[in-house]
Amino acid sequence: MSQPVVIVLAGGASHRFWPLRDKPLVRLGSQTLIERHLRALRDLGCERFVVVVRPETVEALSELSRSLDAEVALAVQDEALGMANAVLAARPALERFGDASVYVTQAQDIVEQRLHRELLGAWEHREGSLAGLIAAVRVEGYFPGGYLKLAGERVTGVVEKPGYGNTPSDLVNLVAHVYASSWELLGALEAEERVPGADDAYERALTRLMTAGEFRAHVYDGRWQALKYPWHLLDVMDMLLELWTAGSESPGAEYEQNEDGVFLGRGVRIFPGAYVVAPALIDHEVVIGHNALVRGSIVGAKSVVGFGSEIARSLLVDSVELHHNYVGDSVFDRGSSMGYGAVTANFRLDGRTVPSMVRDERLDSERMKLGLILGAGARIGVNASTMPGVKIGPSAIVGPNLKVTRDVPDGARVLDEEAYGRF
């Protein structure tokens, strides 16, 4: 029995991911997140893919699709109008496969690769006229997502964000859904897209299909991280470092593991007195200066970690430059830098979890430690400090000796503390 056609949802506007962008194209180790996703499915025997993308990412994903050794079609979602609209954008590309079974996945849901193996294996060995399989995780506390409504072993609906105390089960829906009929899925989505108002057309279409056919849940007990906000990249990094260290996955053949959990790329230079503490990945052509300390982190290619710097539980994307700094629980995008003596604060003195602003809304990151999210090409001057949960946009400049307590927009020049430094 051939594997289903895989629909990969890799569009979305990523507004909540600012000052970072293009979630599926973040590279950790030798692969971007979407490349890891596609190659895992290809290795399980999936040969037909439709990837739903934004117009801005077509070129990058076209290049990836040509190297995948599989049949990959790109479907462009012109506007980020939700999951239902994204799947419907794949319709022209799906037509050549006829009424095939389809596997709907989402590139920004990062899971262990065994989820796909288990779910596709259960689908291949299904009995009877099963209409679909829905991946789910069991939760203890409340999670703001979609919950499965059950009748015995049968899934009868998806209730989106029911609120604390109103959950129909303890199973939260993951976007890993197998459907027996692409035509029935597209028909249900079209019907619900025509209903004005709520933005849960995909979930309503799924519930509609469940009234007509039998759906079952596949409970996944491995690690899972939805990549929604920029600080979630730290959780994804932790997950991959753990999988690489355990040998469940590999960061890539070009990395040498010189001790348990420390992976070194080509041309890495580690100067006397410097330490790299597992788990960690030091990418190609990185320089770790004298007396520097890197722990629980990924340092991207061609980055420089200067003398006496400490990098703790942080992700530095390519070509980041540091000069005697402390960077804790932070994400620095490509080409960003900190001047000598600049530091990131990552812990509140009152011991509470760190909040961060997302599109003018103050959100709880639910992290006890969260430092700085620094956009691509941004630069921070000597002896500056940033408070927990602050985000600085791409190409912004923060002057020397300043403290930054508020988010800084793209390209801004912060030369005094009046706008961005008052508590």
# chains A, B, ... in the order shown; residues from 1 in each chain; ligands from 1
call {"tool": "select_by_dssp", "arguments": {"residues": "stretch 227-393 of chain A", "states": "alpha helix (DSSP H)", "output": "list of chain:residue names"}}
result
A:His232, A:Leu233, A:Leu234, A:Asp235, A:Val236, A:Met237, A:Asp238, A:Met239, A:Leu240, A:Leu241, A:Glu242, A:Leu243, A:Trp244, A:Thr245, A:Ala246
call {"tool": "residues_around", "arguments": {"residues": "stretch 362-370 of chain A", "least_positions_apart": "3", "cutoff": "7 Å", "atoms": "only C-alpha atoms", "output": "list in words"}}
result
Asp329, Ser330, Asn346, Phe347, Arg352, Thr353, Val354, Pro355, Ser356, Met357, Val358, Pro388 and Gly389 of chain A
call {"tool": "residues_around", "arguments": {"residues": "A:Asn85", "least_positions_apart": "5", "cutoff": "12 Å", "atoms": "only C-alpha atoms", "output": "list in words"}}
result
Leu9, Gly11, Gly12, Val52, Val53, Ala75, Val76, Gln77, Asp78, Glu79, Ala80, Ala90, Arg91, Leu186, Ala188, Leu189, Glu190, Ala191, Glu192, Glu193, Arg194, Asp199, Asp200, Ala201, Tyr202 and Ala205 of chain A
call {"tool": "write_last_selection", "arguments": {"atoms": "C-alpha atoms", "output": "PDB file, in the first residue's frame"}}
result
ATOM      1  CA  LEU A   9       1.646  23.625   5.771  1.00  0.00           C
ATOM      2  CA  GLY A  11       2.958  29.322   5.041  1.00  0.00           C
ATOM      3  CA  GLY A  12       1.671  31.774   7.609  1.00  0.00           C
ATOM      4  CA  VAL A  52       2.036  25.242   0.995  1.00  0.00           C
ATOM      5  CA  VAL A  53       4.286  28.325   1.114  1.00  0.00           C
ATOM      6  CA  ALA A  75       1.333  25.669  -3.595  1.00  0.00           C
ATOM      7  CA  VAL A  76       1.373  29.392  -2.840  1.00  0.00           C
ATOM      8  CA  GLN A  77      -0.951  30.796  -0.192  1.00  0.00           C
ATOM      9  CA  ASP A  78      -1.088  34.477  -1.111  1.00  0.00           C
ATOM     10  CA  GLU A  79      -2.428  35.588   2.293  1.00  0.00           C
ATOM     11  CA  ALA A  80      -2.210  33.960   5.716  1.00  0.00           C
ATOM     12  CA  ALA A  90      -2.992  22.885  -2.340  1.00  0.00           C
ATOM     13  CA  ARG A  91      -6.006  21.767  -4.383  1.00  0.00           C
ATOM     14  CA  LEU A 186     -11.489  19.527   0.303  1.00  0.00           C
ATOM     15  CA  ALA A 188     -15.718  19.866   3.785  1.00  0.00           C
ATOM     16  CA  LEU A 189     -13.174  22.686   3.876  1.00  0.00           C
ATOM     17  CA  GLU A 190     -14.905  24.552   1.048  1.00  0.00           C
ATOM     18  CA  ALA A 191     -18.242  24.280   2.836  1.00  0.00           C
ATOM     19  CA  GLU A 192     -16.869  25.638   6.118  1.00  0.00           C
ATOM     20  CA  GLU A 193     -14.832  28.394   4.435  1.00  0.00           C
ATOM     21  CA  ARG A 194     -18.115  29.852   3.192  1.00  0.00           C
ATOM     22  CA  ASP A 199     -11.443  31.399  12.093  1.00  0.00           C
ATOM     23  CA  ASP A 200     -11.733  27.690  12.962  1.00  0.00           C
ATOM     24  CA  ALA A 201     -12.910  26.505   9.538  1.00  0.00           C
ATOM     25  CA  TYR A 202     -10.407  23.641   9.478  1.00  0.00           C
ATOM     26  CA  ALA A 205     -14.534  20.783   8.596  1.00  0.00           C
TER      27      ALA A 205
END
call {"tool": "closest_residue", "arguments": {"among": "A:Ile134, A:Tyr255, A:Val50, A:Arg42", "to": "A:Ser30", "atoms": "only C-alpha atoms"}}
result
A:Tyr255
call {"tool": "residues_around", "arguments": {"residues": "A:Phe332", "least_positions_apart": "5", "cutoff": "7 Å", "atoms": "only C-alpha atoms", "output": "PyMOL selection string"}}
result
chain A and resi 315-317+373-375
call {"tool": "write_last_selection", "arguments": {"atoms": "N, CA and C atoms", "output": "tab-separated table (two decimals), in the first residue's frame"}}
result
chain	number	residue	atom	x	y	z
A	315	LEU	N	20.73	30.24	21.33
A	315	LEU	CA	20.89	29.92	19.91
A	315	LEU	C	21.46	31.14	19.20
A	316	LEU	N	22.65	30.98	18.64
A	316	LEU	CA	23.24	32.02	17.81
A	316	LEU	C	23.20	31.53	16.37
A	317	VAL	N	22.48	32.23	15.53
A	317	VAL	CA	22.41	31.87	14.12
A	317	VAL	C	23.72	32.35	13.47
A	373	ILE	N	15.85	38.46	22.34
A	373	ILE	CA	15.65	37.99	20.97
A	373	ILE	C	16.14	39.11	20.06
A	374	LEU	N	17.24	38.85	19.35
A	374	LEU	CA	17.92	39.89	18.58
A	374	LEU	C	17.78	39.61	17.09
A	375	GLY	N	17.26	40.57	16.35
A	375	GLY	CA	17.01	40.39	14.93
A	375	GLY	C	18.27	40.41	14.09
call {"tool": "select_by_dssp", "arguments": {"residues": "stretch 35-243 of chain A", "states": "strand (DSSP E or B)", "output": "number ranges by chain"}}
result
A: 48-53, 71-76, 102-106, 109-111, 132-138, 146-151, 154-160, 171-179, 215-219, 224-226
call {"tool": "atom_distance", "arguments": {"atom1": "atom CA of A:Ala73", "atom2": "atom CA of A:Gln106"}}
result
15.7 Å
call {"tool": "closest_residue", "arguments": {"among": "A:Lys391, A:Arg223, A:His125, A:Arg48", "to": "A:Asp69", "atoms": "only C-alpha atoms"}}
result
A:Arg48
call {"tool": "residues_around", "arguments": {"residues": "A:Glu285", "least_positions_apart": "4", "cutoff": "6 Å", "atoms": "only C-alpha atoms", "output": "PDB file with N, CA and C atoms, in the first residue's frame"}}
result
ATOM      1  N   GLY A 267      36.473  23.192  10.671  1.00  0.00           N
ATOM      2  CA  GLY A 267      37.221  24.432  10.847  1.00  0.00           C
ATOM      3  C   GLY A 267      36.951  25.168  12.138  1.00  0.00           C
ATOM      4  N   VAL A 268      36.436  24.499  13.159  1.00  0.00           N
ATOM      5  CA  VAL A 268      36.186  25.157  14.445  1.00  0.00           C
ATOM      6  C   VAL A 268      37.522  25.408  15.157  1.00  0.00           C
ATOM      7  N   ALA A 301      27.288  28.908  12.165  1.00  0.00           N
ATOM      8  CA  ALA A 301      28.491  28.959  11.336  1.00  0.00           C
ATOM      9  C   ALA A 301      29.073  30.372  11.258  1.00  0.00           C
ATOM     10  N   LYS A 302      30.422  30.425  11.266  1.00  0.00           N
ATOM     11  CA  LYS A 302      31.199  31.659  11.092  1.00  0.00           C
ATOM     12  C   LYS A 302      30.939  32.689  12.193  1.00  0.00           C
TER      13      LYS A 302
END
call {"tool": "residues_around", "arguments": {"residues": "A:Asp99", "least_positions_apart": "2", "cutoff": "6 Å", "atoms": "only C-alpha atoms", "output": "list in words"}}
result
Ser181, Ser182 and Trp183 of chain A
call {"tool": "residues_around", "arguments": {"residues": "stretch 402-405 of chain A", "least_positions_apart": "4", "cutoff": "10 Å", "atoms": "only C-alpha atoms", "output": "ChimeraX atom specification"}}
result
/A:342-344,380-392,398,414-423
